[in-house]
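Read through the structure below, which is laid out as structure tokens, and then see the notes.
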Amino acid sequence: MDEFERLLAEGEAEPVEGWDFSWFDGRATEERPSWGYSRLLADRLSAAGIALDLQTGGGEVLAGAAGDGTRLVATEGWPPNAAIAAQRLRRLGGTVVLAAEDGLLPFLDRSFDLVTGRHLIVEPWAEIARVLRPGGTFLTQGVGSGTNRELYEFFLGPQRGDDRSDVAAADRAAARARAAGLEVLDVRHERLRVVFHDVGAVVHFLRKVVWTVPDFTVAKYRPRLAELHRKIVVEGSFVAHSRRYLIEARRVSGRS
């Protein structure tokens, strides 16, 4: 139990601001989608004069893919993340606007050559179409329903209402893009393996990705955490699965 308490303390102590997951190195792994979002993002940014990244977190993904010559703008809804992103993107000449995920985008019509978003909480399709210039594109990697089902059901028990199809979230996103007047260029989806090697990694993950178990605290779930610790000790790891989809869409030139 001394080891259990040490791991809990480590998972609770690590700050959760930003979307840098390097703390998990050696403690948890997640397969990456075969399409390589960061590579695609870098390619699309290189061809854009001005780009908007939605719900940028700490700006890590955008900054890592940005090159020279593209003006960068980002939105973020959580003030601690917005401050981190602003500091990071300022070095690249970029700006960050504090904006709610589910509200109107504070930009003029037809402002951007490229709009991007990775793991958006809300995909504001009508607003995306509005701020794109004719011929401009939207690139997003989304999180499918049922992601980490094995993990949240370990704590919450069986959950109803989650779509168990690997393709449904991608199909819904593509349909919403078309309904907003965008031309869908690419749709992909994959189911990926997620492995936790110690209970401290699970604690930090649930504190950071708060929608997985929305009411999570160590105190509330200590008995289940103790059971999970025993399971990992015996089996060597805890395995879950994530779902990811990729959508690329374009605003048709001249469309109002």
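Scheme for the structure tokens: letters A, B, ... for chains in order shown; per-chain residue numbers from 1; ligand numbers from 1 in order shown.
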
Near-stretch 229-244 of chain A list (8 Å; only C-alpha atoms; drop same-chain fewer than 5 positions) as a list in words: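 Everything that qualifies: Phe4, Pro33, Gln141, Gly142, Val143, Gly144, Ser145, Gly146, Thr147, Asn148, Arg149, Glu150, Leu151, Asp166, His189, Glu190, Arg191, Leu192, Arg193, Val194, Val195, Phe196, His197, Asp198 and Val199 of chain A.
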
I'd like to know which residues of stretch 59-137 of chain A are strand (DSSP E or B) (by DSSP, run on the backbone); could you write them as a ChimeraX atom specification? /A:71-76,95-98,112-118,132-137

Can you pull out the residues contacting stretch 42-49 of chain A? Cut-off 12 Å, using only C-alpha atoms, and skip same-chain residues under 4 positions away; I want them as a PyMOL selection string. chain A and resi 36-38+53+61-73+111-116+132-133+135-140+248

Report, in Å with one decimal, the straight-line distance from atom CA of A:Gly11 to atom CA of A:Ala226.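 So the two atoms, atom CA of A:Gly11 and atom CA of A:Ala226, lie 13.7 Å apart.
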
Kindly indicate which residue among A:Leu185, A:Ala9, A:Ala177, A:Val167 lies nearest to A:Pro124, using only C-alpha atoms for the distances.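 Checking each of A:Leu185, A:Ala9, A:Ala177, A:Val167 against A:Pro124, counting only C-alpha atoms, the winner is A:Ala177.
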
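Across A:Arg160, A:Leu108, A:Thr56, A:Arg222, the tightest approach to A:Ile121 is made by A:Thr56 when counting only C-alpha atoms.
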
May I have all residues of stretch 26-217 of chain A that DSSP, computed from the backbone, assigns to alpha helix (DSSP H), given as a compact mmCIF listing (two decimals) with all heavy atoms, in the first residue's frame?
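Ended up saving to out06.txt:
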```txt
# COMPACT_ATOMS: atom_id res chain seq x y z
N TYR A 37 -1.85 13.57 -37.64
CA TYR A 37 -2.49 14.89 -37.62
C TYR A 37 -1.46 16.03 -37.65
O TYR A 37 -1.62 17.00 -38.41
CB TYR A 37 -3.39 15.03 -36.40
CG TYR A 37 -4.04 16.40 -36.31
CD1 TYR A 37 -5.14 16.70 -37.09
CD2 TYR A 37 -3.54 17.39 -35.46
CE1 TYR A 37 -5.74 17.96 -37.03
CE2 TYR A 37 -4.12 18.64 -35.40
CZ TYR A 37 -5.22 18.92 -36.18
OH TYR A 37 -5.79 20.17 -36.13
N SER A 38 -0.41 15.93 -36.86
CA SER A 38 0.57 17.01 -36.81
C SER A 38 1.23 17.23 -38.17
O SER A 38 1.49 18.37 -38.57
CB SER A 38 1.64 16.72 -35.75
OG SER A 38 1.07 16.75 -34.45
N ARG A 39 1.51 16.14 -38.87
CA ARG A 39 2.10 16.26 -40.20
C ARG A 39 1.13 16.92 -41.16
O ARG A 39 1.51 17.83 -41.93
CB ARG A 39 2.50 14.87 -40.72
CG ARG A 39 3.04 14.88 -42.14
CD ARG A 39 3.35 13.47 -42.62
NE ARG A 39 2.18 12.59 -42.53
CZ ARG A 39 1.20 12.59 -43.43
NH1 ARG A 39 1.24 13.41 -44.47
NH2 ARG A 39 0.19 11.75 -43.31
N LEU A 40 -0.14 16.51 -41.13
CA LEU A 40 -1.14 17.14 -41.98
C LEU A 40 -1.32 18.61 -41.64
O LEU A 40 -1.46 19.46 -42.53
CB LEU A 40 -2.48 16.41 -41.84
CG LEU A 40 -2.55 14.98 -42.37
CD1 LEU A 40 -3.92 14.37 -42.06
CD2 LEU A 40 -2.29 14.94 -43.87
N LEU A 41 -1.32 18.92 -40.35
CA LEU A 41 -1.48 20.30 -39.91
C LEU A 41 -0.33 21.15 -40.42
O LEU A 41 -0.54 22.26 -40.94
CB LEU A 41 -1.54 20.36 -38.38
CG LEU A 41 -1.61 21.74 -37.74
CD1 LEU A 41 -2.83 22.51 -38.22
CD2 LEU A 41 -1.61 21.62 -36.22
N ALA A 42 0.90 20.66 -40.30
CA ALA A 42 2.05 21.41 -40.78
C ALA A 42 1.95 21.67 -42.28
O ALA A 42 2.27 22.77 -42.77
CB ALA A 42 3.34 20.66 -40.45
N ASP A 43 1.51 20.67 -43.03
CA ASP A 43 1.36 20.82 -44.48
C ASP A 43 0.32 21.88 -44.81
O ASP A 43 0.54 22.75 -45.67
CB ASP A 43 0.99 19.48 -45.09
CG ASP A 43 0.78 19.58 -46.59
OD1 ASP A 43 1.79 19.69 -47.33
OD2 ASP A 43 -0.39 19.55 -47.04
N ARG A 44 -0.82 21.84 -44.14
CA ARG A 44 -1.88 22.80 -44.43
C ARG A 44 -1.50 24.20 -43.99
O ARG A 44 -1.81 25.19 -44.67
CB ARG A 44 -3.20 22.39 -43.75
CG ARG A 44 -3.71 20.99 -44.09
CD ARG A 44 -3.77 20.69 -45.58
NE ARG A 44 -4.39 19.41 -45.84
CZ ARG A 44 -3.73 18.27 -46.05
NH1 ARG A 44 -2.39 18.25 -46.00
NH2 ARG A 44 -4.39 17.14 -46.30
N LEU A 45 -0.79 24.33 -42.88
CA LEU A 45 -0.34 25.64 -42.42
C LEU A 45 0.63 26.27 -43.41
O LEU A 45 0.62 27.50 -43.62
CB LEU A 45 0.32 25.53 -41.05
CG LEU A 45 -0.61 25.34 -39.85
CD1 LEU A 45 0.20 24.99 -38.61
CD2 LEU A 45 -1.46 26.58 -39.60
N SER A 46 1.46 25.46 -44.01
CA SER A 46 2.47 25.99 -44.93
C SER A 46 1.86 26.66 -46.15
O SER A 46 2.50 27.50 -46.80
CB SER A 46 3.42 24.86 -45.38
OG SER A 46 2.74 23.95 -46.22
N GLU A 60 0.21 23.78 -27.81
CA GLU A 60 1.34 22.89 -28.09
C GLU A 60 1.32 22.34 -29.50
O GLU A 60 2.35 22.33 -30.20
CB GLU A 60 1.35 21.72 -27.09
CG GLU A 60 1.50 22.11 -25.64
CD GLU A 60 0.18 22.40 -24.94
OE1 GLU A 60 -0.86 22.52 -25.63
OE2 GLU A 60 0.19 22.52 -23.70
N VAL A 61 0.16 21.84 -29.93
CA VAL A 61 0.07 21.20 -31.25
C VAL A 61 0.27 22.23 -32.35
O VAL A 61 1.02 22.00 -33.31
CB VAL A 61 -1.28 20.47 -31.40
CG1 VAL A 61 -1.41 19.88 -32.80
CG2 VAL A 61 -1.40 19.36 -30.35
N LEU A 62 -0.38 23.37 -32.23
CA LEU A 62 -0.26 24.41 -33.24
C LEU A 62 1.18 24.90 -33.34
O LEU A 62 1.73 25.02 -34.45
CB LEU A 62 -1.19 25.58 -32.91
CG LEU A 62 -1.16 26.76 -33.88
CD1 LEU A 62 -1.57 26.33 -35.28
CD2 LEU A 62 -2.05 27.89 -33.37
N ALA A 63 1.81 25.19 -32.21
CA ALA A 63 3.18 25.69 -32.23
C ALA A 63 4.14 24.66 -32.81
O ALA A 63 5.08 25.01 -33.53
CB ALA A 63 3.61 26.07 -30.81
N GLY A 64 3.90 23.39 -32.52
CA GLY A 64 4.78 22.34 -33.02
C GLY A 64 4.70 22.15 -34.52
O GLY A 64 5.64 21.65 -35.14
N ALA A 65 3.58 22.55 -35.12
CA ALA A 65 3.40 22.35 -36.56
C ALA A 65 3.63 23.62 -37.37
O ALA A 65 3.74 23.55 -38.59
CB ALA A 65 1.98 21.84 -36.83
N PRO A 79 -9.15 30.01 -19.08
CA PRO A 79 -8.12 31.05 -18.91
C PRO A 79 -6.71 30.53 -18.59
O PRO A 79 -5.75 31.05 -19.17
CB PRO A 79 -8.69 31.90 -17.76
CG PRO A 79 -10.17 31.78 -17.93
CD PRO A 79 -10.40 30.35 -18.36
N PRO A 80 -6.51 29.52 -17.72
CA PRO A 80 -5.13 29.06 -17.50
C PRO A 80 -4.46 28.55 -18.76
O PRO A 80 -3.27 28.79 -19.01
CB PRO A 80 -5.30 27.94 -16.46
CG PRO A 80 -6.56 28.29 -15.74
CD PRO A 80 -7.46 28.87 -16.79
N ASN A 81 -5.22 27.80 -19.60
CA ASN A 81 -4.65 27.34 -20.86
C ASN A 81 -4.42 28.50 -21.82
O ASN A 81 -3.43 28.52 -22.56
CB ASN A 81 -5.58 26.32 -21.52
CG ASN A 81 -5.35 24.91 -21.03
OD1 ASN A 81 -4.41 24.66 -20.28
ND2 ASN A 81 -6.18 23.99 -21.45
N ALA A 82 -5.35 29.45 -21.86
CA ALA A 82 -5.20 30.60 -22.76
C ALA A 82 -3.92 31.37 -22.45
O ALA A 82 -3.22 31.83 -23.37
CB ALA A 82 -6.41 31.52 -22.64
N ALA A 83 -3.59 31.51 -21.17
CA ALA A 83 -2.36 32.22 -20.79
C ALA A 83 -1.12 31.47 -21.26
O ALA A 83 -0.16 32.08 -21.76
CB ALA A 83 -2.33 32.42 -19.28
N ILE A 84 -1.14 30.14 -21.11
CA ILE A 84 -0.01 29.34 -21.57
C ILE A 84 0.13 29.43 -23.09
O ILE A 84 1.23 29.61 -23.63
CB ILE A 84 -0.19 27.87 -21.14
CG1 ILE A 84 -0.10 27.76 -19.62
CG2 ILE A 84 0.85 26.97 -21.80
CD1 ILE A 84 -0.50 26.40 -19.09
N ALA A 85 -1.01 29.32 -23.79
CA ALA A 85 -0.98 29.38 -25.26
C ALA A 85 -0.51 30.74 -25.74
O ALA A 85 0.26 30.84 -26.71
CB ALA A 85 -2.37 29.07 -25.81
N ALA A 86 -0.96 31.81 -25.09
CA ALA A 86 -0.56 33.15 -25.50
C ALA A 86 0.95 33.33 -25.39
O ALA A 86 1.60 33.89 -26.30
CB ALA A 86 -1.28 34.20 -24.65
N GLN A 87 1.53 32.83 -24.32
CA GLN A 87 2.97 32.94 -24.15
C GLN A 87 3.71 32.11 -25.21
O GLN A 87 4.70 32.57 -25.79
CB GLN A 87 3.36 32.47 -22.75
CG GLN A 87 4.84 32.60 -22.45
CD GLN A 87 5.17 32.18 -21.03
OE1 GLN A 87 4.39 31.49 -20.37
NE2 GLN A 87 6.32 32.57 -20.54
N ARG A 88 3.21 30.93 -25.48
CA ARG A 88 3.87 30.04 -26.44
C ARG A 88 3.76 30.60 -27.87
O ARG A 88 4.73 30.59 -28.62
CB ARG A 88 3.26 28.65 -26.35
CG ARG A 88 3.82 27.66 -27.35
CD ARG A 88 3.31 26.26 -27.09
NE ARG A 88 4.02 25.61 -26.00
CZ ARG A 88 3.44 25.23 -24.86
NH1 ARG A 88 2.15 25.41 -24.66
NH2 ARG A 88 4.17 24.65 -23.92
N LEU A 89 2.58 31.06 -28.26
CA LEU A 89 2.37 31.50 -29.63
C LEU A 89 2.91 32.90 -29.89
O LEU A 89 3.17 33.27 -31.04
CB LEU A 89 0.89 31.44 -29.97
CG LEU A 89 0.28 30.03 -29.97
CD1 LEU A 89 -1.21 30.08 -30.28
CD2 LEU A 89 0.99 29.12 -30.97
N ARG A 90 3.09 33.67 -28.82
CA ARG A 90 3.65 35.01 -29.00
C ARG A 90 5.04 34.95 -29.63
O ARG A 90 5.41 35.81 -30.43
CB ARG A 90 3.72 35.72 -27.64
CG ARG A 90 4.04 37.21 -27.74
CD ARG A 90 4.03 37.86 -26.36
NE ARG A 90 2.73 37.73 -25.72
CZ ARG A 90 2.52 37.11 -24.56
NH1 ARG A 90 3.52 36.53 -23.91
NH2 ARG A 90 1.29 37.05 -24.04
N TRP A 125 -19.86 24.09 -36.47
CA TRP A 125 -19.76 23.99 -37.93
C TRP A 125 -20.21 25.25 -38.65
O TRP A 125 -19.56 25.71 -39.60
CB TRP A 125 -20.57 22.78 -38.41
CG TRP A 125 -19.94 21.49 -38.02
CD1 TRP A 125 -20.36 20.64 -37.03
CD2 TRP A 125 -18.77 20.90 -38.57
NE1 TRP A 125 -19.51 19.55 -36.95
CE2 TRP A 125 -18.53 19.69 -37.88
CE3 TRP A 125 -17.89 21.27 -39.59
CZ2 TRP A 125 -17.46 18.85 -38.17
CZ3 TRP A 125 -16.81 20.45 -39.89
CH2 TRP A 125 -16.60 19.26 -39.17
N ALA A 126 -21.32 25.85 -38.23
CA ALA A 126 -21.81 27.05 -38.91
C ALA A 126 -20.81 28.19 -38.78
O ALA A 126 -20.57 28.94 -39.73
CB ALA A 126 -23.17 27.45 -38.35
N GLU A 127 -20.21 28.33 -37.61
CA GLU A 127 -19.22 29.37 -37.39
C GLU A 127 -17.94 29.11 -38.18
O GLU A 127 -17.30 30.03 -38.70
CB GLU A 127 -18.91 29.50 -35.90
CG GLU A 127 -19.98 30.20 -35.11
CD GLU A 127 -20.10 31.66 -35.54
OE1 GLU A 127 -19.29 32.49 -35.08
OE2 GLU A 127 -20.98 31.97 -36.36
N ILE A 128 -17.55 27.85 -38.26
CA ILE A 128 -16.37 27.49 -39.05
C ILE A 128 -16.58 27.89 -40.51
O ILE A 128 -15.71 28.51 -41.14
CB ILE A 128 -16.08 25.99 -38.92
CG1 ILE A 128 -15.59 25.67 -37.51
CG2 ILE A 128 -15.05 25.53 -39.97
CD1 ILE A 128 -15.64 24.19 -37.16
N ALA A 129 -17.74 27.53 -41.05
CA ALA A 129 -18.03 27.89 -42.44
C ALA A 129 -18.07 29.40 -42.62
O ALA A 129 -17.62 29.92 -43.65
CB ALA A 129 -19.36 27.26 -42.84
N ARG A 130 -18.59 30.11 -41.63
CA ARG A 130 -18.71 31.56 -41.74
C ARG A 130 -17.35 32.25 -41.82
O ARG A 130 -17.15 33.18 -42.62
CB ARG A 130 -19.51 32.11 -40.56
CG ARG A 130 -19.69 33.63 -40.59
CD ARG A 130 -20.44 34.13 -39.36
NE ARG A 130 -19.69 33.95 -38.12
CZ ARG A 130 -18.70 34.76 -37.73
NH1 ARG A 130 -18.31 35.78 -38.48
NH2 ARG A 130 -18.08 34.54 -36.58
N VAL A 131 -16.39 31.83 -40.98
CA VAL A 131 -15.11 32.54 -40.91
C VAL A 131 -14.11 32.08 -41.96
O VAL A 131 -13.08 32.72 -42.16
CB VAL A 131 -14.48 32.45 -39.50
CG1 VAL A 131 -15.43 33.02 -38.46
CG2 VAL A 131 -14.06 31.03 -39.16
N ARG A 149 -13.80 3.73 -23.02
CA ARG A 149 -14.95 3.10 -22.36
C ARG A 149 -14.51 2.16 -21.24
O ARG A 149 -15.10 2.14 -20.14
CB ARG A 149 -15.78 2.32 -23.38
CG ARG A 149 -16.98 1.57 -22.76
CD ARG A 149 -17.63 0.64 -23.76
NE ARG A 149 -18.09 1.36 -24.93
CZ ARG A 149 -19.24 2.02 -24.98
NH1 ARG A 149 -20.03 2.06 -23.92
NH2 ARG A 149 -19.60 2.66 -26.07
N GLU A 150 -13.48 1.36 -21.48
CA GLU A 150 -13.03 0.39 -20.47
C GLU A 150 -12.63 1.11 -19.18
O GLU A 150 -12.85 0.60 -18.08
CB GLU A 150 -11.85 -0.43 -21.01
CG GLU A 150 -12.17 -1.25 -22.25
CD GLU A 150 -11.87 -0.51 -23.55
OE1 GLU A 150 -11.79 0.74 -23.53
OE2 GLU A 150 -11.70 -1.19 -24.59
N LEU A 151 -12.03 2.30 -19.33
CA LEU A 151 -11.58 3.04 -18.16
C LEU A 151 -12.75 3.64 -17.40
O LEU A 151 -12.88 3.46 -16.18
CB LEU A 151 -10.60 4.14 -18.59
CG LEU A 151 -10.02 4.99 -17.47
CD1 LEU A 151 -9.22 4.13 -16.49
CD2 LEU A 151 -9.14 6.11 -18.05
N TYR A 152 -13.63 4.38 -18.09
CA TYR A 152 -14.69 5.04 -17.32
C TYR A 152 -15.71 4.04 -16.80
O TYR A 152 -16.29 4.24 -15.73
CB TYR A 152 -15.34 6.20 -18.08
CG TYR A 152 -16.06 5.93 -19.38
CD1 TYR A 152 -17.28 5.25 -19.41
CD2 TYR A 152 -15.56 6.42 -20.57
CE1 TYR A 152 -17.95 5.05 -20.60
CE2 TYR A 152 -16.23 6.23 -21.77
CZ TYR A 152 -17.42 5.55 -21.79
OH TYR A 152 -18.09 5.35 -22.97
N GLU A 153 -15.91 2.91 -17.49
CA GLU A 153 -16.84 1.92 -16.95
C GLU A 153 -16.24 1.17 -15.77
O GLU A 153 -16.98 0.66 -14.92
CB GLU A 153 -17.28 0.96 -18.05
CG GLU A 153 -18.24 1.61 -19.05
CD GLU A 153 -18.94 0.62 -19.96
OE1 GLU A 153 -18.47 -0.54 -20.08
OE2 GLU A 153 -19.98 1.01 -20.56
N PHE A 154 -14.92 1.14 -15.67
CA PHE A 154 -14.29 0.56 -14.48
C PHE A 154 -14.71 1.35 -13.24
O PHE A 154 -14.94 0.77 -12.16
CB PHE A 154 -12.77 0.56 -14.61
CG PHE A 154 -12.06 -0.09 -13.46
CD1 PHE A 154 -11.78 -1.45 -13.47
CD2 PHE A 154 -11.69 0.66 -12.35
CE1 PHE A 154 -11.15 -2.06 -12.39
CE2 PHE A 154 -11.05 0.06 -11.27
CZ PHE A 154 -10.78 -1.30 -11.30
N PHE A 155 -14.83 2.66 -13.37
CA PHE A 155 -15.20 3.51 -12.24
C PHE A 155 -16.71 3.71 -12.12
O PHE A 155 -17.23 3.80 -11.00
CB PHE A 155 -14.52 4.88 -12.37
CG PHE A 155 -13.04 4.84 -12.16
CD1 PHE A 155 -12.18 4.68 -13.24
CD2 PHE A 155 -12.50 4.91 -10.89
CE1 PHE A 155 -10.81 4.63 -13.05
CE2 PHE A 155 -11.13 4.85 -10.68
CZ PHE A 155 -10.28 4.70 -11.77
N LEU A 156 -17.41 3.79 -13.23
CA LEU A 156 -18.82 4.18 -13.22
C LEU A 156 -19.79 3.03 -13.46
O LEU A 156 -20.99 3.19 -13.27
CB LEU A 156 -19.07 5.24 -14.29
CG LEU A 156 -18.26 6.53 -14.17
CD1 LEU A 156 -18.50 7.42 -15.38
CD2 LEU A 156 -18.57 7.27 -12.88
N ALA A 168 -19.51 5.87 -36.56
CA ALA A 168 -20.66 6.76 -36.37
C ALA A 168 -20.25 8.21 -36.14
O ALA A 168 -20.83 9.12 -36.73
CB ALA A 168 -21.52 6.26 -35.22
N ALA A 169 -19.27 8.45 -35.28
CA ALA A 169 -18.87 9.83 -34.98
C ALA A 169 -18.33 10.51 -36.23
O ALA A 169 -18.63 11.69 -36.48
CB ALA A 169 -17.83 9.84 -33.87
N ALA A 170 -17.53 9.81 -37.01
CA ALA A 170 -17.00 10.39 -38.24
C ALA A 170 -18.13 10.70 -39.21
O ALA A 170 -18.14 11.77 -39.85
CB ALA A 170 -15.99 9.43 -38.87
N ASP A 171 -19.06 9.80 -39.34
CA ASP A 171 -20.19 10.03 -40.26
C ASP A 171 -21.03 11.22 -39.81
O ASP A 171 -21.49 12.03 -40.63
CB ASP A 171 -21.06 8.78 -40.35
CG ASP A 171 -20.39 7.65 -41.12
OD1 ASP A 171 -19.38 7.93 -41.81
OD2 ASP A 171 -20.86 6.51 -41.04
N ARG A 172 -21.27 11.34 -38.50
CA ARG A 172 -22.05 12.47 -37.99
C ARG A 172 -21.33 13.78 -38.25
O ARG A 172 -21.95 14.78 -38.65
CB ARG A 172 -22.31 12.30 -36.49
CG ARG A 172 -23.41 11.30 -36.16
CD ARG A 172 -23.86 11.46 -34.72
NE ARG A 172 -22.77 11.22 -33.79
CZ ARG A 172 -22.48 10.03 -33.26
NH1 ARG A 172 -23.20 8.97 -33.59
NH2 ARG A 172 -21.49 9.90 -32.41
N ALA A 173 -20.02 13.80 -38.00
CA ALA A 173 -19.25 15.02 -38.22
C ALA A 173 -19.27 15.42 -39.69
O ALA A 173 -19.43 16.61 -40.02
CB ALA A 173 -17.82 14.83 -37.74
N ALA A 174 -19.12 14.45 -40.58
CA ALA A 174 -19.15 14.75 -42.01
C ALA A 174 -20.51 15.30 -42.42
O ALA A 174 -20.61 16.25 -43.23
CB ALA A 174 -18.80 13.50 -42.81
N ALA A 175 -21.59 14.72 -41.89
CA ALA A 175 -22.94 15.19 -42.22
C ALA A 175 -23.15 16.63 -41.73
O ALA A 175 -23.78 17.45 -42.43
CB ALA A 175 -23.98 14.27 -41.59
N ARG A 176 -22.63 16.96 -40.56
CA ARG A 176 -22.78 18.31 -40.04
C ARG A 176 -21.96 19.31 -40.85
O ARG A 176 -22.38 20.45 -41.04
CB ARG A 176 -22.39 18.33 -38.56
CG ARG A 176 -23.41 17.63 -37.68
CD ARG A 176 -22.89 17.35 -36.29
NE ARG A 176 -23.89 16.64 -35.50
CZ ARG A 176 -23.61 15.93 -34.40
NH1 ARG A 176 -22.36 15.86 -33.97
NH2 ARG A 176 -24.57 15.30 -33.75
N ALA A 177 -20.80 18.88 -41.31
CA ALA A 177 -20.00 19.75 -42.17
C ALA A 177 -20.77 20.07 -43.45
O ALA A 177 -20.83 21.23 -43.89
CB ALA A 177 -18.66 19.07 -42.50
N ARG A 178 -21.36 19.06 -44.06
CA ARG A 178 -22.13 19.27 -45.30
C ARG A 178 -23.34 20.16 -45.04
O ARG A 178 -23.67 21.04 -45.85
CB ARG A 178 -22.56 17.93 -45.88
CG ARG A 178 -21.40 17.06 -46.35
CD ARG A 178 -21.89 15.80 -47.05
NE ARG A 178 -20.78 14.94 -47.43
CZ ARG A 178 -20.39 13.86 -46.75
NH1 ARG A 178 -21.04 13.48 -45.66
NH2 ARG A 178 -19.36 13.15 -47.16
N ALA A 179 -23.99 19.97 -43.90
CA ALA A 179 -25.16 20.78 -43.57
C ALA A 179 -24.79 22.25 -43.40
O ALA A 179 -25.63 23.13 -43.62
CB ALA A 179 -25.82 20.25 -42.30
N VAL A 199 -1.24 3.20 -11.54
CA VAL A 199 -2.47 3.90 -11.14
C VAL A 199 -2.24 5.40 -11.04
O VAL A 199 -3.19 6.19 -11.20
CB VAL A 199 -3.00 3.31 -9.81
CG1 VAL A 199 -2.14 3.74 -8.62
CG2 VAL A 199 -4.46 3.69 -9.59
N GLY A 200 -1.01 5.84 -10.81
CA GLY A 200 -0.73 7.28 -10.80
C GLY A 200 -1.00 7.91 -12.14
O GLY A 200 -1.50 9.04 -12.23
N ALA A 201 -0.67 7.19 -13.22
CA ALA A 201 -0.96 7.69 -14.57
C ALA A 201 -2.46 7.82 -14.79
O ALA A 201 -2.93 8.77 -15.43
CB ALA A 201 -0.34 6.77 -15.61
N VAL A 202 -3.23 6.88 -14.26
CA VAL A 202 -4.69 6.96 -14.38
C VAL A 202 -5.22 8.18 -13.61
O VAL A 202 -6.07 8.91 -14.13
CB VAL A 202 -5.34 5.67 -13.85
CG1 VAL A 202 -6.86 5.81 -13.80
CG2 VAL A 202 -4.94 4.48 -14.72
N VAL A 203 -4.71 8.41 -12.41
CA VAL A 203 -5.15 9.55 -11.63
C VAL A 203 -4.88 10.85 -12.38
O VAL A 203 -5.77 11.71 -12.50
CB VAL A 203 -4.44 9.57 -10.25
CG1 VAL A 203 -4.66 10.90 -9.54
CG2 VAL A 203 -4.95 8.42 -9.39
N HIS A 204 -3.68 11.01 -12.88
CA HIS A 204 -3.35 12.25 -13.59
C HIS A 204 -4.19 12.38 -14.86
O HIS A 204 -4.68 13.48 -15.17
CB HIS A 204 -1.86 12.28 -13.94
CG HIS A 204 -1.46 13.55 -14.63
ND1 HIS A 204 -1.74 14.79 -14.12
CD2 HIS A 204 -0.81 13.75 -15.80
CE1 HIS A 204 -1.26 15.72 -14.95
NE2 HIS A 204 -0.71 15.12 -15.98
N PHE A 205 -4.40 11.30 -15.57
CA PHE A 205 -5.21 11.34 -16.79
C PHE A 205 -6.64 11.79 -16.49
O PHE A 205 -7.20 12.64 -17.18
CB PHE A 205 -5.23 9.96 -17.45
CG PHE A 205 -6.01 9.91 -18.73
CD1 PHE A 205 -5.44 10.29 -19.93
CD2 PHE A 205 -7.34 9.49 -18.73
CE1 PHE A 205 -6.18 10.26 -21.12
CE2 PHE A 205 -8.08 9.46 -19.91
CZ PHE A 205 -7.49 9.85 -21.10
N LEU A 206 -7.24 11.22 -15.44
CA LEU A 206 -8.62 11.56 -15.10
C LEU A 206 -8.74 12.99 -14.58
O LEU A 206 -9.79 13.62 -14.74
CB LEU A 206 -9.18 10.57 -14.09
CG LEU A 206 -9.34 9.14 -14.61
CD1 LEU A 206 -9.87 8.23 -13.50
CD2 LEU A 206 -10.25 9.08 -15.83
N ARG A 207 -7.70 13.52 -13.98
CA ARG A 207 -7.69 14.92 -13.56
C ARG A 207 -7.54 15.85 -14.75
O ARG A 207 -8.07 16.97 -14.75
CB ARG A 207 -6.56 15.18 -12.56
CG ARG A 207 -6.74 14.53 -11.20
CD ARG A 207 -5.53 14.80 -10.30
NE ARG A 207 -5.27 16.23 -10.18
CZ ARG A 207 -4.11 16.81 -10.52
NH1 ARG A 207 -3.10 16.08 -11.03
NH2 ARG A 207 -3.96 18.11 -10.38
N LYS A 208 -6.83 15.40 -15.76
CA LYS A 208 -6.53 16.24 -16.92
C LYS A 208 -7.64 16.17 -17.96
O LYS A 208 -8.06 17.19 -18.51
CB LYS A 208 -5.20 15.79 -17.53
CG LYS A 208 -4.58 16.74 -18.54
CD LYS A 208 -3.21 16.22 -18.95
CE LYS A 208 -2.50 17.20 -19.86
NZ LYS A 208 -1.99 18.39 -19.15
```

Under the rule that only C-alpha atoms are counted, which of A:Leu182, A:Arg91, A:Leu98, A:Arg27 is the nearest residue to A:Gly57?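 The shortest atom-to-atom distance to A:Gly57 comes from A:Leu98.
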
Point out the residue among A:Gly18, A:Pro214, A:Gly117, A:Gly77 with the least atom-to-atom distance to A:Glu101, counting only C-alpha atoms.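 Among the listed residues, the smallest separation from A:Glu101 belongs to A:Gly77.
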
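If you measure from each of A:Ile247, A:Val209, A:Leu52, A:Val252 to A:Glu17 using only C-alpha atoms, the closest one turns out to be A:Val209.
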
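Nearest to A:Ala51 of all the residues A:Phe24, A:Phe107, A:Trp35, A:Trp78 is A:Phe107, based on only C-alpha atoms.
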